[in-house]
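Next comes protein.pdb, a file with PDB, C-alpha atoms and all ligand atoms.
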ATOM      1  CA  MET A 242     -67.281  -9.104  73.264
ATOM      2  CA  PRO A 243     -70.850  -9.422  72.037
ATOM      3  CA  SER A 244     -71.815 -13.008  71.214
ATOM      4  CA  SER A 245     -73.792 -11.643  68.270
ATOM      5  CA  CYS A 246     -70.597 -10.425  66.604
ATOM      6  CA  ILE A 247     -69.438 -12.821  63.879
ATOM      7  CA  PHE A 248     -65.795 -11.774  64.184
ATOM      8  CA  CYS A 249     -65.805 -12.154  67.992
ATOM      9  CA  ARG A 250     -67.189 -15.628  67.434
ATOM     10  CA  ILE A 251     -64.364 -16.381  65.005
ATOM     11  CA  VAL A 252     -61.871 -15.156  67.653
ATOM     12  CA  ASP A 253     -63.563 -17.448  70.197
ATOM     13  CA  GLY A 254     -63.412 -20.385  67.794
ATOM     14  CA  VAL A 255     -67.220 -20.748  67.786
ATOM     15  CA  ILE A 256     -67.374 -20.042  64.043
ATOM     16  CA  ASP A 257     -64.883 -21.529  61.607
ATOM     17  CA  ALA A 258     -62.644 -19.391  59.443
ATOM     18  CA  TYR A 259     -59.707 -19.936  57.119
ATOM     19  CA  LYS A 260     -57.323 -18.550  59.684
ATOM     20  CA  VAL A 261     -53.878 -17.515  58.424
ATOM     21  CA  TYR A 262     -52.358 -15.765  61.444
ATOM     22  CA  GLU A 263     -52.924 -15.084  65.124
ATOM     23  CA  ASP A 264     -51.053 -13.369  67.914
ATOM     24  CA  GLY A 265     -52.029 -12.001  71.313
ATOM     25  CA  GLU A 266     -53.894  -8.955  70.005
ATOM     26  CA  THR A 267     -54.850  -9.758  66.424
ATOM     27  CA  MET A 268     -56.112 -12.422  64.057
ATOM     28  CA  ALA A 269     -56.218 -12.738  60.260
ATOM     29  CA  PHE A 270     -58.430 -14.966  58.131
ATOM     30  CA  LEU A 271     -59.736 -15.152  54.590
ATOM     31  CA  ASP A 272     -62.787 -13.110  53.676
ATOM     32  CA  ILE A 273     -65.701 -15.506  53.089
ATOM     33  CA  SER A 274     -66.682 -13.604  49.967
ATOM     34  CA  PRO A 275     -63.322 -12.573  48.473
ATOM     35  CA  LEU A 276     -62.878  -9.632  46.116
ATOM     36  CA  SER A 277     -59.783 -11.422  44.809
ATOM     37  CA  LYS A 278     -58.001 -14.666  45.683
ATOM     38  CA  GLY A 279     -56.307 -14.286  49.053
ATOM     39  CA  HIS A 280     -58.548 -11.408  50.244
ATOM     40  CA  THR A 281     -57.614 -11.358  53.915
ATOM     41  CA  LEU A 282     -59.192  -9.632  56.897
ATOM     42  CA  VAL A 283     -57.021  -8.523  59.791
ATOM     43  CA  ILE A 284     -58.883  -7.819  63.019
ATOM     44  CA  PRO A 285     -58.135  -6.759  66.561
ATOM     45  CA  LYS A 286     -59.278  -9.445  68.997
ATOM     46  CA  ALA A 287     -60.922  -6.732  71.077
ATOM     47  CA  HIS A 288     -64.412  -5.810  69.935
ATOM     48  CA  VAL A 289     -64.577  -2.206  68.763
ATOM     49  CA  GLN A 290     -66.498  -0.953  65.747
ATOM     50  CA  GLN A 291     -64.187   1.779  64.498
ATOM     51  CA  ILE A 292     -60.425   2.079  64.611
ATOM     52  CA  GLU A 293     -60.492   5.319  66.614
ATOM     53  CA  SER A 294     -61.947   3.293  69.514
ATOM     54  CA  LEU A 295     -58.826   1.126  69.727
ATOM     55  CA  SER A 296     -56.131   1.920  72.263
ATOM     56  CA  GLU A 297     -52.804   3.009  70.838
ATOM     57  CA  GLU A 298     -51.348  -0.413  71.683
ATOM     58  CA  GLN A 299     -54.206  -2.251  69.970
ATOM     59  CA  LEU A 300     -53.930   0.027  66.948
ATOM     60  CA  VAL A 301     -50.190  -0.524  66.657
ATOM     61  CA  ALA A 302     -50.701  -4.289  66.984
ATOM     62  CA  LEU A 303     -53.383  -4.232  64.263
ATOM     63  CA  PHE A 304     -51.277  -2.314  61.770
ATOM     64  CA  LYS A 305     -48.182  -4.282  62.658
ATOM     65  CA  THR A 306     -50.045  -7.418  61.619
ATOM     66  CA  VAL A 307     -51.212  -5.750  58.397
ATOM     67  CA  TRP A 308     -47.632  -4.708  57.725
ATOM     68  CA  LYS A 309     -46.291  -8.201  58.519
ATOM     69  CA  LEU A 310     -48.822 -10.117  56.457
ATOM     70  CA  THR A 311     -49.151  -7.998  53.321
ATOM     71  CA  ARG A 312     -45.987  -9.297  51.648
ATOM     72  CA  TYR A 313     -46.912 -12.918  52.395
ATOM     73  CA  VAL A 314     -50.503 -12.563  51.215
ATOM     74  CA  GLN A 315     -49.093 -11.110  47.995
ATOM     75  CA  GLN A 316     -46.387 -13.776  47.763
ATOM     76  CA  ALA A 317     -48.922 -16.569  48.205
ATOM     77  CA  THR A 318     -51.181 -15.140  45.518
ATOM     78  CA  ASN A 319     -48.428 -14.295  43.028
ATOM     79  CA  THR A 320     -49.142 -10.606  43.262
ATOM     80  CA  SER A 321     -47.008  -7.609  44.117
ATOM     81  CA  ALA A 322     -49.722  -5.113  44.970
ATOM     82  CA  SER A 323     -52.803  -4.926  47.107
ATOM     83  CA  LEU A 324     -55.649  -2.672  48.042
ATOM     84  CA  ILE A 325     -55.551  -2.146  51.795
ATOM     85  CA  GLY A 326     -58.696  -0.571  53.145
ATOM     86  CA  ILE A 327     -61.034  -0.072  56.042
ATOM     87  CA  ASN A 328     -64.752   0.611  55.897
ATOM     88  CA  ASN A 329     -64.742   2.605  59.107
ATOM     89  CA  GLY A 330     -68.324   3.005  60.310
ATOM     90  CA  PRO A 331     -71.716   2.087  58.821
ATOM     91  CA  GLU A 332     -71.944   5.178  56.579
ATOM     92  CA  SER A 333     -68.742   4.072  54.851
ATOM     93  CA  GLY A 334     -70.245   0.699  54.019
ATOM     94  CA  GLN A 335     -69.018  -1.250  57.032
ATOM     95  CA  GLU A 336     -71.226  -4.308  57.350
ATOM     96  CA  ILE A 337     -69.549  -6.192  60.171
ATOM     97  CA  PRO A 338     -69.395  -3.917  63.213
ATOM     98  CA  HIS A 339     -66.028  -5.242  64.392
ATOM     99  CA  ALA A 340     -63.079  -3.199  63.098
ATOM    100  CA  HIS A 341     -61.128  -4.933  60.329
ATOM    101  CA  VAL A 342     -58.569  -4.161  57.661
ATOM    102  CA  HIS A 343     -59.063  -5.638  54.192
ATOM    103  CA  ILE A 344     -55.956  -6.802  52.329
ATOM    104  CA  VAL A 345     -57.066  -7.404  48.748
ATOM    105  CA  PRO A 346     -54.320  -8.694  46.436
ATOM    106  CA  ARG A 347     -54.338  -6.802  43.130
ATOM    107  CA  ALA A 348     -52.916  -7.684  39.732
ATOM    108  CA  LYS A 349     -52.710  -5.941  36.382
ATOM    109  CA  GLY A 350     -55.876  -6.479  34.401
ATOM    110  CA  ASP A 351     -57.846  -7.884  37.338
ATOM    111  CA  GLY A 352     -60.757  -5.587  36.546
ATOM    112  CA  GLY A 353     -60.517  -3.855  39.902
ATOM    113  CA  ALA A 354     -60.359  -0.143  40.567
ATOM    114  CA  PRO A 355     -58.396   2.163  42.848
ATOM    115  CA  ILE A 356     -59.855   3.370  46.130
ATOM    116  CA  HIS A 357     -60.888   6.599  44.383
ATOM    117  CA  ALA A 358     -63.604   4.649  42.612
ATOM    118  CA  ALA A 359     -65.422   4.400  45.959
ATOM    119  CA  MET A 360     -66.799   7.930  45.603
ATOM    120  CA  HIS A 361     -68.871   8.766  42.563
ATOM    121  CA  ASN A 362     -69.975  12.293  43.426
ATOM    122  CA  ARG A 363     -66.826  14.193  44.202
ATOM    123  CA  PRO A 364     -67.420  17.653  45.628
ATOM    124  CA  ILE A 365     -66.000  20.771  44.040
ATOM    125  CA  VAL A 366     -64.153  22.468  46.877
ATOM    126  CA  SER A 367     -62.876  26.050  46.686
ATOM    127  CA  LYS A 368     -59.424  27.033  47.958
ATOM    128  CA  GLU A 369     -61.108  28.958  50.783
ATOM    129  CA  GLU A 370     -63.083  25.920  51.831
ATOM    130  CA  MET A 371     -59.959  23.732  51.716
ATOM    131  CA  GLN A 372     -58.215  26.277  53.923
ATOM    132  CA  ARG A 373     -61.164  26.350  56.345
ATOM    133  CA  THR A 374     -61.434  22.569  56.450
ATOM    134  CA  ALA A 375     -57.721  22.138  57.108
ATOM    135  CA  GLN A 376     -58.021  24.735  59.870
ATOM    136  CA  ASN A 377     -60.986  22.925  61.427
ATOM    137  CA  ILE A 378     -59.135  19.618  61.375
ATOM    138  CA  ARG A 379     -55.991  21.214  62.878
ATOM    139  CA  PHE A 380     -58.194  22.774  65.567
ATOM    140  CA  ALA A 381     -59.889  19.454  66.332
ATOM    141  CA  ILE A 382     -56.485  17.715  66.561
ATOM    142  CA  LYS A 383     -55.134  20.424  68.885
ATOM    143  CA  ASN A 384     -58.154  20.156  71.165
ATOM    144  CA  GLY A 385     -58.369  16.396  71.039
ATOM    145  CA  HIS A 386     -56.540  13.767  72.995
ATOM    146  CA  LEU A 387     -54.091  13.108  70.185
ATOM    147  CA  GLY A 388     -52.927  16.721  69.712
TER     148      GLY A 388
HETATM  149  P1  LIG B   1     -67.119  -4.638  55.681
HETATM  150  O1  LIG B   1     -68.138  -4.290  54.648
HETATM  151  O2  LIG B   1     -67.713  -4.690  57.056
HETATM  152  O3  LIG B   1     -65.888  -3.791  55.598
HETATM  153  O4  LIG B   1     -66.609  -6.082  55.318
HETATM  154  C1  LIG B   1     -67.035  -7.234  55.958
HETATM  155  C2  LIG B   1     -66.407  -8.392  55.230
HETATM  156  O5  LIG B   1     -66.599  -9.546  56.017
HETATM  157  C3  LIG B   1     -67.054  -8.672  53.861
HETATM  158  O6  LIG B   1     -66.049  -8.574  52.861
HETATM  159  C4  LIG B   1     -67.616 -10.076  54.004
HETATM  160  O7  LIG B   1     -67.439 -10.861  52.854
HETATM  161  C5  LIG B   1     -66.851 -10.652  55.185
HETATM  162  N1  LIG B   1     -67.597 -11.600  55.983
HETATM  163  C6  LIG B   1     -68.900 -11.509  56.358
HETATM  164  N2  LIG B   1     -69.245 -12.578  57.120
HETATM  165  C7  LIG B   1     -68.134 -13.334  57.220
HETATM  166  C8  LIG B   1     -67.861 -14.582  57.880
HETATM  167  O8  LIG B   1     -68.703 -15.197  58.534
HETATM  168  N3  LIG B   1     -66.599 -15.073  57.768
HETATM  169  C9  LIG B   1     -65.627 -14.420  57.050
HETATM  170  N4  LIG B   1     -64.423 -14.994  57.003
HETATM  171  N5  LIG B   1     -65.851 -13.264  56.425
HETATM  172  C10 LIG B   1     -67.083 -12.723  56.504
HETATM  173 ZN    ZN B   2     -66.719  -8.340  67.673
END
Would you kindly transcribe this structure into structure tokens?
Amino acid sequence: MPSSCIFCRIVDGVIDAYKVYEDGETMAFLDISPLSKGHTLVIPKAHVQQIESLSEEQLVALFKTVWKLTRYVQQATNTSASLIGINNGPESGQEIPHAHVHIVPRAKGDGGAPIHAAMHNRPIVSKEEMQRTAQNIRFAIKNGHLG
């Protein structure tokens, strides 16, 4: 765990956070600069940048915590919906290089937008290209460790 990593330092208790949950593998705390009230970050305690670097056990623990907490984050903020997202890698806008899941409570009229608003220049993709892309992904899955 690099001592330069803010989230590792939160796990170690060196930096303060508004912690809401902790178990053996994961921790959850409020985002310091919330997109809405109750914006919560769920992190694995292990330092990895992207979710594909987590072990299956760590991944399951991470998403189990997301699953467990979502209803309570919503309950506590009087909401019944949330945007759940991951900026997975620097090109996606990830600023803190320690994997984390954002739970952002959402309400009608809150001025927010769906996840589709993240991409402004959508490509026009032909049926052939869709077919080819799906094939390439299937091929990569088959040849990868997860196939
Ligand atoms: P990313 O862009 O990496 O997906 O999101 C990083 C998030 O971490 C941002 O929403 C940012 O507000 C939050 N953040 C950055 N520094 C700190 C910090 O020191 N403490 C907490 N609690 N959140 C932080
Ligand atoms: Zn870290």
Practice item. Name the residues, by chain letter and number, that sit within 7 Å of ligand ZN 2 (chain B) using all atoms listed in the file, and give them as number ranges by chain. Key: A: 242-243, 246-249, 287-289, 338-339
Export, as a PDB file, in the coordinates of the input, the selected residues with C-alpha atoms.
ATOM      1  CA  MET A 242     -67.281  -9.104  73.264  1.00  0.00           C
ATOM      2  CA  PRO A 243     -70.850  -9.422  72.037  1.00  0.00           C
ATOM      3  CA  CYS A 246     -70.597 -10.425  66.604  1.00  0.00           C
ATOM      4  CA  ILE A 247     -69.438 -12.821  63.879  1.00  0.00           C
ATOM      5  CA  PHE A 248     -65.795 -11.774  64.184  1.00  0.00           C
ATOM      6  CA  CYS A 249     -65.805 -12.154  67.992  1.00  0.00           C
ATOM      7  CA  ALA A 287     -60.922  -6.732  71.077  1.00  0.00           C
ATOM      8  CA  HIS A 288     -64.412  -5.810  69.935  1.00  0.00           C
ATOM      9  CA  VAL A 289     -64.577  -2.206  68.763  1.00  0.00           C
ATOM     10  CA  PRO A 338     -69.395  -3.917  63.213  1.00  0.00           C
ATOM     11  CA  HIS A 339     -66.028  -5.242  64.392  1.00  0.00           C
TER      12      HIS A 339
END
Check your understanding: Can I get the residues close to ligand LIG 1 (chain B) as an MDAnalysis selection string, where close means within 10 Å and we count all atoms listed in the file?
Key -> chainID A and resid 246:248 250:251 256:260 269:276 280:282 290 326:331 333:343 345
Review point. If you count only C-alpha atoms, which residues fall within 12 Å of stretch 309-320 of chain A, apart from same-chain ones fewer than 3 positions away, as a ChimeraX atom specification?
Key: /A:261-264,267-271,277-283,301-306,323-325,342-351
Mind working out the centre and edge lengths of an axis-aligned box for stretch 357-371 of chain A, all listed atoms inside, 5 Å added to each side, rounded to one decimal in Å and written as lines of an AutoDock Vina configuration file?
center_x = -64.7
center_y = 16.7
center_z = 47.2
size_x = 20.6
size_y = 34.6
size_z = 19.3
Check your understanding: Separation of atom CA of A:Glu332 and atom CA of A:Met360, in Å?
Key -> 12.4 Å
